[in-house]
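File shown here: entry-v6.txt, holding compact mmCIF, C-alpha atoms and all ligand atoms.
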# COMPACT_ATOMS: atom_id res chain seq x y z
CA MET A 881 -5.33 4.69 -15.78
CA THR A 882 -7.33 4.98 -12.60
CA ARG A 883 -11.10 5.11 -13.19
CA LEU A 884 -13.41 7.27 -11.11
CA LEU A 885 -16.52 5.17 -10.40
CA SER A 886 -19.85 6.58 -9.26
CA PRO A 887 -22.05 5.01 -6.55
CA HIS A 888 -23.98 3.34 -9.39
CA ASP A 889 -20.87 1.39 -10.37
CA VAL A 890 -20.60 -0.82 -7.27
CA ALA A 891 -20.98 -4.00 -9.35
CA GLU A 892 -18.03 -2.94 -11.51
CA ALA A 893 -15.93 -2.11 -8.44
CA ALA A 894 -16.77 -5.55 -7.03
CA ARG A 895 -15.81 -7.22 -10.29
CA LEU A 896 -12.42 -5.49 -10.29
CA LEU A 897 -11.78 -6.49 -6.67
CA ARG A 898 -12.71 -10.12 -7.32
CA ALA A 899 -10.23 -10.07 -10.21
CA GLY A 900 -7.46 -9.06 -7.81
CA GLU A 901 -7.40 -5.35 -8.74
CA LEU A 902 -7.21 -2.51 -6.22
CA VAL A 903 -10.16 -0.18 -5.70
CA ALA A 904 -10.26 2.71 -3.23
CA PHE A 905 -13.62 3.11 -1.51
CA PRO A 906 -15.20 5.45 1.02
CA THR A 907 -15.80 4.56 4.64
CA GLU A 908 -17.17 6.80 7.40
CA THR A 909 -13.60 7.44 8.65
CA VAL A 910 -11.36 7.86 5.59
CA TYR A 911 -11.05 6.35 2.11
CA GLY A 912 -9.58 2.86 2.14
CA LEU A 913 -7.27 1.36 -0.48
CA GLY A 914 -9.13 -1.90 -0.96
CA GLY A 915 -7.97 -5.28 -2.17
CA ASP A 916 -9.27 -8.85 -1.79
CA ALA A 917 -7.92 -9.79 1.66
CA THR A 918 -7.81 -13.46 0.68
CA ASN A 919 -5.57 -12.79 -2.33
CA ASP A 920 -1.85 -12.58 -1.45
CA ALA A 921 -0.96 -10.80 -4.68
CA ALA A 922 -3.69 -8.18 -4.22
CA VAL A 923 -2.51 -7.52 -0.66
CA ALA A 924 1.09 -7.19 -1.85
CA GLY A 925 -0.19 -4.75 -4.46
CA ILE A 926 -1.64 -2.57 -1.68
CA PHE A 927 1.79 -2.23 -0.07
CA ALA A 928 3.34 -1.51 -3.47
CA ALA A 929 0.77 1.19 -4.33
CA LYS A 930 1.24 2.87 -0.95
CA GLU A 931 5.04 2.58 -1.10
CA ARG A 932 4.93 1.43 2.48
CA PRO A 933 8.47 0.88 3.74
CA ARG A 934 7.16 -1.75 6.16
CA PHE A 935 4.60 -4.51 6.22
CA ASN A 936 2.27 -3.15 8.86
CA PRO A 937 -0.76 -5.36 9.31
CA LEU A 938 -3.87 -4.04 7.56
CA ILE A 939 -7.48 -3.67 8.64
CA VAL A 940 -9.84 -6.18 7.06
CA HIS A 941 -13.34 -4.92 6.30
CA VAL A 942 -16.44 -7.12 6.38
CA PRO A 943 -20.17 -6.36 5.94
CA ASP A 944 -21.35 -7.71 9.30
CA THR A 945 -20.45 -9.55 12.50
CA VAL A 946 -21.36 -12.92 11.01
CA ALA A 947 -18.71 -12.43 8.33
CA ALA A 948 -16.23 -11.25 10.98
CA LYS A 949 -16.82 -14.42 13.01
CA SER A 950 -15.84 -16.55 10.02
CA LEU A 951 -12.37 -14.93 10.12
CA ALA A 952 -11.50 -14.55 13.80
CA ILE A 953 -12.20 -15.90 17.26
CA PHE A 954 -14.68 -13.80 19.22
CA ASP A 955 -14.79 -13.94 23.01
CA ALA A 956 -17.54 -12.34 25.11
CA ARG A 957 -15.78 -8.94 25.12
CA ALA A 958 -15.38 -8.90 21.35
CA THR A 959 -19.01 -9.86 20.84
CA LEU A 960 -20.12 -7.13 23.24
CA VAL A 961 -18.15 -4.26 21.69
CA ALA A 962 -19.02 -5.45 18.19
CA ARG A 963 -22.72 -5.39 19.10
CA HIS A 964 -22.40 -1.81 20.37
CA PHE A 965 -20.06 -0.23 17.84
CA TRP A 966 -20.44 -2.08 14.55
CA PRO A 967 -20.98 -0.84 11.97
CA GLY A 968 -18.63 1.93 13.09
CA PRO A 969 -15.11 3.31 13.48
CA LEU A 970 -13.77 0.50 15.65
CA SER A 971 -11.26 -2.14 14.54
CA LEU A 972 -10.80 -5.23 16.69
CA VAL A 973 -7.53 -7.15 16.74
CA LEU A 974 -8.49 -10.77 17.37
CA ARG A 975 -6.92 -14.19 16.97
CA ARG A 976 -7.23 -15.58 13.47
CA GLY A 977 -9.71 -18.43 13.25
CA ALA A 978 -8.50 -21.92 12.38
CA ASP A 979 -9.52 -21.65 8.72
CA CYS A 980 -9.05 -17.91 8.39
CA PRO A 981 -8.77 -17.26 4.63
CA VAL A 982 -7.16 -13.83 5.06
CA SER A 983 -3.70 -13.49 3.50
CA LEU A 984 -0.90 -13.78 6.06
CA LEU A 985 0.57 -10.67 4.49
CA ALA A 986 -2.52 -8.69 5.59
CA SER A 987 -1.76 -9.92 9.13
CA ALA A 988 1.98 -9.18 8.65
CA GLY A 989 2.57 -12.81 9.55
CA LEU A 990 0.87 -12.52 12.95
CA ASP A 991 -1.67 -14.92 14.44
CA SER A 992 -4.08 -12.02 14.74
CA VAL A 993 -6.23 -10.06 12.35
CA ALA A 994 -7.74 -6.56 12.63
CA ILE A 995 -11.37 -6.45 11.53
CA ARG A 996 -14.06 -3.84 11.24
CA VAL A 997 -17.54 -3.30 9.85
CA PRO A 998 -17.58 0.22 8.38
CA ALA A 999 -20.64 2.45 8.87
CA HIS A 1000 -20.93 3.63 5.29
CA PRO A 1001 -23.74 2.47 2.99
CA LEU A 1002 -21.54 2.37 -0.11
CA ALA A 1003 -18.76 0.46 1.67
CA LEU A 1004 -21.30 -2.08 2.94
CA GLU A 1005 -22.84 -2.41 -0.51
CA LEU A 1006 -19.39 -2.99 -1.99
CA LEU A 1007 -18.48 -5.60 0.63
CA ARG A 1008 -21.72 -7.48 0.01
CA ALA A 1009 -21.29 -7.34 -3.77
CA THR A 1010 -17.65 -8.45 -3.63
CA GLU A 1011 -18.37 -11.34 -1.25
CA ARG A 1012 -14.78 -11.17 -0.01
CA PRO A 1013 -13.25 -9.50 3.03
CA LEU A 1014 -11.42 -6.38 1.87
CA ALA A 1015 -8.05 -5.36 3.26
CA ALA A 1016 -7.93 -1.57 3.25
CA PRO A 1017 -5.43 0.77 4.78
CA SER A 1018 -6.01 4.48 4.35
CA ALA A 1019 -5.77 5.31 0.64
CA ASN A 1020 -2.74 7.58 0.80
CA ARG A 1021 0.88 7.07 -0.04
CA SER A 1022 3.04 6.24 2.94
CA GLY A 1023 3.77 9.24 5.16
CA ARG A 1024 0.94 11.39 3.78
CA VAL A 1025 -2.34 12.35 5.41
CA SER A 1026 -5.33 10.09 5.03
CA PRO A 1027 -7.73 11.03 2.20
CA THR A 1028 -11.33 11.97 2.96
CA THR A 1029 -12.54 12.63 -0.60
CA ALA A 1030 -12.21 10.77 -3.90
CA GLU A 1031 -10.17 13.69 -5.28
CA HIS A 1032 -7.63 13.28 -2.46
CA VAL A 1033 -7.31 9.61 -3.36
CA MET A 1034 -6.78 10.48 -7.03
CA THR A 1035 -4.05 12.93 -6.09
CA GLU A 1036 -2.33 10.24 -4.03
CA LEU A 1037 -2.79 7.14 -6.12
CA ARG A 1038 -3.71 8.04 -9.70
CA GLY A 1039 -2.16 5.53 -12.08
CA ARG A 1040 -1.39 3.05 -9.28
CA ILE A 1041 -4.80 1.49 -8.70
CA ALA A 1042 -7.66 0.36 -10.95
CA ALA A 1043 -10.39 2.63 -9.62
CA VAL A 1044 -11.74 4.96 -6.97
CA LEU A 1045 -15.36 4.56 -5.91
CA ASP A 1046 -16.61 8.09 -5.27
CA GLY A 1047 -18.87 8.34 -2.24
CA GLY A 1048 -18.33 12.00 -1.42
CA ALA A 1049 -16.64 13.28 1.73
CA CYS A 1050 -16.05 11.05 4.76
CA ARG A 1051 -18.15 11.87 7.82
CA VAL A 1052 -15.70 11.06 10.64
CA GLY A 1053 -12.44 12.06 8.98
CA ILE A 1054 -10.13 10.28 11.42
CA GLU A 1055 -9.27 6.60 11.37
CA SER A 1056 -10.95 3.91 13.41
CA THR A 1057 -9.99 3.14 16.99
CA VAL A 1058 -7.85 -0.03 17.06
CA LEU A 1059 -8.53 -2.25 20.09
CA ASP A 1060 -6.43 -5.36 20.72
CA LEU A 1061 -8.42 -8.13 22.41
CA THR A 1062 -5.95 -10.96 21.83
CA SER A 1063 -4.96 -11.12 25.50
CA GLU A 1064 -6.70 -10.82 28.84
CA ARG A 1065 -5.86 -7.14 29.04
CA PRO A 1066 -7.48 -5.05 26.31
CA VAL A 1067 -5.00 -2.66 24.71
CA LEU A 1068 -5.71 0.50 22.76
CA LEU A 1069 -3.35 0.35 19.77
CA ARG A 1070 -4.63 3.51 18.11
CA PRO A 1071 -7.07 6.15 19.32
CA GLY A 1072 -9.71 6.94 16.72
CA GLY A 1073 -13.38 7.41 15.93
CA VAL A 1074 -14.71 5.56 19.02
CA PRO A 1075 -13.48 7.16 22.28
CA SER A 1076 -11.75 4.69 24.61
CA GLU A 1077 -13.95 5.84 27.51
CA LYS A 1078 -16.96 4.40 25.72
CA LEU A 1079 -15.16 1.10 25.30
CA GLU A 1080 -14.05 1.06 28.94
CA ALA A 1081 -17.66 1.58 30.01
CA LEU A 1082 -18.39 -1.77 28.38
CA ILE A 1083 -15.35 -3.96 29.03
CA GLY A 1084 -13.43 -2.25 31.86
CA ALA A 1085 -9.92 -0.83 31.96
CA ILE A 1086 -8.02 -0.58 28.68
CA ALA A 1087 -4.26 -0.20 28.60
CA THR A 1088 -2.65 2.12 26.10
CA THR A 1089 0.24 0.96 23.93
CA ALA A 1090 2.55 3.50 25.54
CA ALA A 1091 2.03 1.94 28.97
CA ASP A 1092 1.96 -1.59 27.68
CA ALA A 1093 4.51 -1.56 24.88
CA ALA A 1094 7.47 -2.54 27.02
CA LEU A 1095 5.61 -5.55 28.38
CA ARG A 1096 4.22 -6.61 25.09
CA SER A 1097 7.09 -6.34 22.69
CA PRO A 1098 10.44 -4.63 23.01
CA GLY A 1099 10.68 -1.94 20.36
CA MET A 1100 6.91 -1.43 19.82
CA LEU A 1101 6.77 -4.40 17.52
CA GLN A 1102 3.24 -5.56 18.06
CA SER A 1103 3.35 -6.29 14.38
CA HIS A 1104 6.35 -8.54 14.68
CA TYR A 1105 6.65 -12.04 13.41
CA ALA A 1106 9.80 -14.10 13.79
CA PRO A 1107 10.30 -17.77 12.93
CA HIS A 1108 11.60 -20.19 15.55
CA LEU A 1109 14.58 -21.19 13.41
CA PRO A 1110 17.57 -18.87 13.10
CA LEU A 1111 17.48 -16.76 9.97
CA ARG A 1112 20.61 -16.06 7.89
CA LEU A 1113 20.35 -13.26 5.34
CA ASN A 1114 22.09 -12.48 2.03
CA VAL A 1115 23.13 -16.09 1.69
CA ARG A 1116 24.94 -17.46 -1.35
CA ASP A 1117 26.26 -20.78 0.04
CA ALA A 1118 24.55 -23.59 1.95
CA ARG A 1119 25.27 -24.72 5.49
CA PRO A 1120 24.35 -28.26 6.58
CA GLY A 1121 20.66 -28.84 7.18
CA GLU A 1122 19.51 -25.38 6.17
CA ALA A 1123 16.37 -24.62 4.19
CA LEU A 1124 16.60 -21.92 1.55
CA LEU A 1125 14.22 -19.06 0.90
CA ALA A 1126 15.23 -18.35 -2.68
CA PHE A 1127 14.75 -15.31 -4.90
CA GLY A 1128 15.41 -15.22 -8.62
CA PRO A 1129 16.07 -17.90 -11.23
CA ASP A 1130 19.24 -19.59 -9.95
CA PRO A 1131 19.16 -20.73 -6.33
CA PRO A 1132 22.49 -22.15 -5.10
CA PRO A 1133 22.61 -25.94 -4.51
CA GLY A 1134 23.09 -27.92 -1.30
CA PHE A 1135 20.04 -26.96 0.77
CA ALA A 1136 17.73 -29.44 2.53
CA GLU A 1137 14.73 -27.74 0.90
CA ILE A 1138 14.27 -24.81 -1.43
CA ARG A 1139 11.16 -22.62 -1.65
CA SER A 1140 11.17 -19.58 -3.90
CA LEU A 1141 9.76 -16.15 -3.14
CA SER A 1142 9.78 -15.47 -6.86
CA GLU A 1143 11.62 -17.41 -9.54
CA ARG A 1144 11.25 -14.51 -11.97
CA GLY A 1145 12.63 -12.05 -9.42
CA ASP A 1146 9.37 -10.14 -8.98
CA LEU A 1147 9.27 -8.23 -5.69
CA THR A 1148 5.46 -7.98 -5.48
CA GLU A 1149 5.19 -11.74 -5.94
CA ALA A 1150 7.91 -12.16 -3.30
CA ALA A 1151 6.02 -9.97 -0.83
CA ALA A 1152 2.85 -11.95 -1.46
CA ARG A 1153 4.61 -15.18 -0.51
CA LEU A 1154 6.94 -13.98 2.23
CA PHE A 1155 5.06 -14.85 5.42
CA ALA A 1156 3.51 -18.04 4.14
CA LEU A 1157 6.92 -19.37 3.01
CA LEU A 1158 8.67 -18.34 6.23
CA ARG A 1159 6.08 -20.37 8.08
CA ALA A 1160 6.33 -23.28 5.65
CA LEU A 1161 10.12 -23.50 6.19
CA ASP A 1162 10.04 -22.94 9.95
CA ARG A 1163 10.24 -26.66 10.78
CA PRO A 1164 12.43 -28.41 13.39
CA GLU A 1165 13.95 -30.77 10.80
CA PHE A 1166 16.01 -27.84 9.47
CA THR A 1167 18.94 -26.18 11.24
CA GLY A 1168 17.97 -22.73 10.00
CA ILE A 1169 16.47 -20.68 7.19
CA ALA A 1170 18.86 -19.10 4.73
CA VAL A 1171 17.59 -16.23 2.62
CA MET A 1172 19.08 -15.15 -0.68
CA PRO A 1173 19.84 -11.46 -1.25
CA ILE A 1174 16.71 -9.42 -2.04
CA PRO A 1175 17.12 -6.13 -3.94
CA GLU A 1176 16.43 -3.08 -1.78
CA HIS A 1177 14.17 -1.21 -4.24
CA GLY A 1178 10.35 -1.19 -4.40
CA LEU A 1179 8.77 -3.73 -2.06
CA GLY A 1180 12.26 -5.15 -1.51
CA ALA A 1181 12.81 -2.53 1.19
CA ALA A 1182 9.78 -3.75 3.17
CA ILE A 1183 10.74 -7.40 2.64
CA ASN A 1184 14.29 -6.75 3.87
CA ASP A 1185 13.02 -4.70 6.81
CA ARG A 1186 10.89 -7.63 7.94
CA LEU A 1187 13.64 -10.20 7.35
CA ARG A 1188 16.22 -8.13 9.26
CA ARG A 1189 13.87 -7.79 12.22
CA ALA A 1190 13.07 -11.48 12.16
CA ALA A 1191 16.79 -12.28 12.05
CA ALA A 1192 17.62 -9.85 14.88
CA ALA A 1193 14.86 -11.19 17.12
CA ARG A 1194 16.98 -14.25 17.95
O1 LIG A 1201 -10.43 3.98 9.68
C1 LIG A 1201 -9.66 3.08 9.36
O2 LIG A 1201 -9.32 2.18 10.16
C2 LIG A 1201 -9.15 3.07 7.93
C3 LIG A 1201 -10.34 2.82 7.02
C4 LIG A 1201 -9.95 2.67 5.58
O3 LIG A 1201 -11.03 1.68 7.46
N1 LIG A 1201 -8.13 2.07 7.75
C5 LIG A 1201 -6.87 2.22 8.29
O4 LIG A 1201 -6.03 1.16 8.07
O5 LIG A 1201 -6.52 3.20 8.94
P1 LIG A 1201 -4.44 1.23 8.25
O6 LIG A 1201 -3.92 -0.02 7.59
O7 LIG A 1201 -3.92 2.52 7.76
O8 LIG A 1201 -4.22 1.12 9.79
C6 LIG A 1201 -4.12 -0.15 10.40
C7 LIG A 1201 -3.81 -0.01 11.86
C8 LIG A 1201 -2.32 0.16 12.08
O9 LIG A 1201 -2.09 1.00 13.18
C9 LIG A 1201 -1.91 -1.27 12.37
O10 LIG A 1201 -0.72 -1.34 13.07
C10 LIG A 1201 -3.10 -1.81 13.14
O11 LIG A 1201 -4.20 -1.19 12.54
N2 LIG A 1201 -3.25 -3.26 12.98
C11 LIG A 1201 -3.82 -3.90 11.96
N3 LIG A 1201 -3.78 -5.25 12.13
C12 LIG A 1201 -3.16 -5.45 13.30
C13 LIG A 1201 -2.79 -6.61 14.02
N4 LIG A 1201 -3.07 -7.85 13.58
N5 LIG A 1201 -2.15 -6.45 15.19
C14 LIG A 1201 -1.88 -5.20 15.64
N6 LIG A 1201 -2.19 -4.06 15.00
C15 LIG A 1201 -2.83 -4.18 13.85
MG MG A 1202 -2.94 5.16 7.43

When written as structure tokens, how does the structure in this file appear?
Amino acid sequence: MTRLLSPHDVAEAARLLRAGELVAFPTETVYGLGGDATNDAAVAGIFAAKERPRFNPLIVHVPDTVAAKSLAIFDARATLVARHFWPGPLSLVLRRGADCPVSLLASAGLDSVAIRVPAHPLALELLRATERPLAAPSANRSGRVSPTTAEHVMTELRGRIAAVLDGGACRVGIESTVLDLTSERPVLLRPGGVPSEKLEALIGAIATTAADAALRSPGMLQSHYAPHLPLRLNVRDARPGEALLAFGPDPPPGFAEIRSLSERGDLTEAAARLFALLRALDRPEFTGIAVMPIPEHGLGAAINDRLRRAAAAR
């Protein structure tokens, strides 16, 4: 059952979110599929509800710049554009702060995080009531158009999420502009609600991903994370010195260390732990990371996609 909540039910929506449930909410751009960004399981649930075939990093929503600065490192450019365009349809990709509490899954394992302050009174009220940053991609199933009314969200996600907070139709209707400020050269990752000319007027020339993609990451993988150690997939037997990323109840013996994605073989739990465990095992004392076979259904497809790319990156 997915409940339709009215603007008077913000406290209830906040309660659900704090309990790890998913609640779609309106922003000025499109409806977001919200989950507690600090809760790995909630973030994994977002990918499951959307049936995303890949772990793209998600936009994290906060009520103000002060909250944003507790998650990421702001340089002068970031502070300047935030002052001009927040609240508003602009997402900034910044380096994660040292104690950034945002789930690594929301960052798709990257050292960066995309943040925005939405310009919608109900979204801001919800963020303040929840007192957590909310990860929220557009509230549609993968491959469908972004929803701009609560009814659209219901059509897309009924039965998959706890609730939809109904705030009427979205004003902007297209997603936020995504601006990457993690390097010296600002890069436009996605055109959106704030025109890039307006951003250039403030911080100078901005490269587009098309022009910059080759430089940045072969194969457009700005959302790519690969461990330093070699990765061996579909493993059933140990090699000397390897660490094992296990899945299911019976990991094979002989590994230097074993960490489990999910002992009970639960793919959502596995997704929630994936990036944190890859990082935990990526240590020079091991010769490599072996990964047990992961079923290809449900979130398994996204997990395997990410593992294959990490393995091929060597
Ligand atoms: O208007 C919007 O931005 C809506 C509303 C709900 O706020 N949200 C939205 O989120 O469109 P989503 O997850 O559908 O789009 C996220 C975009 C993707 O293009 C993703 O690749 C990029 O932001 N992105 C997020 N985090 C990133 C990161 N750390 N590095 C690079 N790109 C990132
Ligand atoms: Mg989308």

Nearby residues, ligand LIG 1201 (chain A), 6 Å, all atoms listed in the file, as an MDAnalysis selection string: chainID A and resid 909:912 936:939 973 987 992:994 1016:1018 1055:1056 1058 1102:1103

Straight-line distance linking CA of Pro967 in chain A with CA of Arg996 in chain A, stated in Å to one decimal: 7.6 Å

Best match for closeness to Ala1160 in chain A among A:Gly989, A:Gly1128, A:Leu1059, A:Ala1081, counting all atoms listed in the file: A:Gly989

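The gap separating CA of Leu990 in chain A from CA of Arg976 in chain A is 8.7 Å, in Å to one decimal.
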
Interatomic distance, CA of Gly1178 in chain A to CA of Ala1015 in chain A (Å, one decimal): 20.4 Å

Exercise: Asn1184 in chain A partners within 12 Å, all atoms listed in the file, chain neighbours under 6 positions left out, as a ChimeraX atom specification: /A:933-935,1112-1114,1147,1150-1151,1154,1171-1178,1190-1192

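Between ligand MG 1202 (chain A) and the candidates A:Thr1057, A:Ser1076, A:Asn1020, A:Ser950, the tightest atom-to-atom separation, counting only C-alpha atoms and all ligand atoms, involves A:Asn1020.
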
Spatial neighbours of Arg957 in chain A, 12 Å, only C-alpha atoms, chain gap at least 4 places, as JSON, numbers by chain: {"A": [953, 961, 962, 963, 964, 972, 973, 974, 1059, 1060, 1061, 1062, 1063, 1064, 1065, 1066, 1079, 1080, 1081, 1082, 1083, 1084, 1086]}

Asp1162 in chain A surroundings by only C-alpha atoms, 8 Å radius, close-in-sequence under 5 positions cut, as a ChimeraX atom specification: /A:1107-1109,1168-1169

Please dump the current selection as an mmCIF file, keeping the file's coordinate frame; keep C-alpha atoms.
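Saved file out28.cif follows:
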data_model
loop_
_atom_site.group_PDB
_atom_site.id
_atom_site.type_symbol
_atom_site.label_atom_id
_atom_site.label_comp_id
_atom_site.auth_asym_id
_atom_site.auth_seq_id
_atom_site.Cartn_x
_atom_site.Cartn_y
_atom_site.Cartn_z
ATOM 1 C CA PRO A 1107 10.300 -17.770 12.930
ATOM 2 C CA HIS A 1108 11.600 -20.190 15.550
ATOM 3 C CA LEU A 1109 14.580 -21.190 13.410
ATOM 4 C CA GLY A 1168 17.970 -22.730 10.000
ATOM 5 C CA ILE A 1169 16.470 -20.680 7.190
#

Selection near Leu1157 in chain A, 8 Å with all atoms listed in the file, sequence-local residues under 3 positions removed, as a list of chain:residue names: A:Leu1125, A:Arg1139, A:Leu1141, A:Arg1153, A:Leu1154, A:Ala1160, A:Leu1161

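Nearest residue to Pro1075 in chain A, choosing from A:Glu1031, A:Ile1054, A:Leu885, A:Leu1179 and counting all atoms listed in the file: A:Ile1054.
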
Kindly write N, CA and C atoms of range 1122-1146 of chain A from the structure just given to a file, as a short mmCIF file (atom, residue, chain, number, x, y, z; two decimals), in the first residue's frame.
data_model
loop_
_atom_site.label_atom_id
_atom_site.label_comp_id
_atom_site.auth_asym_id
_atom_site.auth_seq_id
_atom_site.Cartn_x
_atom_site.Cartn_y
_atom_site.Cartn_z
N GLU A 1122 44.01 -13.67 -1.02
CA GLU A 1122 42.82 -12.93 -1.43
C GLU A 1122 41.85 -12.70 -0.28
N ALA A 1123 41.15 -11.56 -0.37
CA ALA A 1123 40.01 -11.31 0.51
C ALA A 1123 38.75 -11.71 -0.25
N LEU A 1124 37.73 -12.10 0.50
CA LEU A 1124 36.50 -12.54 -0.16
C LEU A 1124 35.33 -11.62 0.15
N LEU A 1125 34.65 -11.20 -0.91
CA LEU A 1125 33.37 -10.51 -0.76
C LEU A 1125 32.32 -11.60 -0.97
N ALA A 1126 31.72 -12.03 0.15
CA ALA A 1126 30.84 -13.20 0.11
C ALA A 1126 29.39 -12.79 -0.12
N PHE A 1127 28.60 -13.75 -0.56
CA PHE A 1127 27.15 -13.56 -0.69
C PHE A 1127 26.48 -14.89 -0.40
N GLY A 1128 25.54 -14.89 0.53
CA GLY A 1128 24.85 -16.13 0.86
C GLY A 1128 25.45 -16.80 2.08
N PRO A 1129 24.85 -17.89 2.52
CA PRO A 1129 25.16 -18.48 3.81
C PRO A 1129 26.48 -19.26 3.90
N ASP A 1130 27.01 -19.74 2.78
CA ASP A 1130 28.15 -20.65 2.89
C ASP A 1130 29.38 -20.21 2.11
N PRO A 1131 30.10 -19.20 2.60
CA PRO A 1131 31.29 -18.78 1.86
C PRO A 1131 32.36 -19.87 1.86
N PRO A 1132 33.07 -20.05 0.74
CA PRO A 1132 34.12 -21.06 0.69
C PRO A 1132 35.28 -20.68 1.62
N PRO A 1133 36.05 -21.67 2.10
CA PRO A 1133 37.14 -21.39 3.04
C PRO A 1133 38.41 -20.94 2.32
N GLY A 1134 39.42 -20.54 3.11
CA GLY A 1134 40.76 -20.33 2.57
C GLY A 1134 41.10 -18.89 2.26
N PHE A 1135 40.22 -17.95 2.56
CA PHE A 1135 40.50 -16.54 2.25
C PHE A 1135 41.15 -15.83 3.44
N ALA A 1136 41.93 -14.79 3.14
CA ALA A 1136 42.63 -14.04 4.19
C ALA A 1136 41.63 -13.28 5.06
N GLU A 1137 40.51 -12.85 4.45
CA GLU A 1137 39.46 -12.20 5.22
C GLU A 1137 38.15 -12.39 4.45
N ILE A 1138 37.08 -12.52 5.19
CA ILE A 1138 35.77 -12.66 4.54
C ILE A 1138 34.83 -11.60 5.07
N ARG A 1139 34.23 -10.83 4.17
CA ARG A 1139 33.15 -9.90 4.54
C ARG A 1139 31.95 -10.25 3.69
N SER A 1140 30.77 -10.23 4.27
CA SER A 1140 29.60 -10.68 3.52
C SER A 1140 28.68 -9.54 3.10
N LEU A 1141 28.30 -9.57 1.83
CA LEU A 1141 27.31 -8.61 1.33
C LEU A 1141 25.96 -8.89 1.97
N SER A 1142 25.64 -10.16 2.08
CA SER A 1142 24.40 -10.55 2.76
C SER A 1142 24.43 -12.05 3.03
N GLU A 1143 24.49 -12.39 4.32
CA GLU A 1143 24.53 -13.81 4.67
C GLU A 1143 23.24 -14.51 4.30
N ARG A 1144 22.12 -13.77 4.36
CA ARG A 1144 20.84 -14.41 4.03
C ARG A 1144 20.53 -14.30 2.54
N GLY A 1145 21.48 -13.84 1.74
CA GLY A 1145 21.28 -13.81 0.30
C GLY A 1145 20.25 -12.79 -0.16
N ASP A 1146 20.21 -11.65 0.55
CA ASP A 1146 19.23 -10.60 0.23
C ASP A 1146 19.92 -9.54 -0.64
#
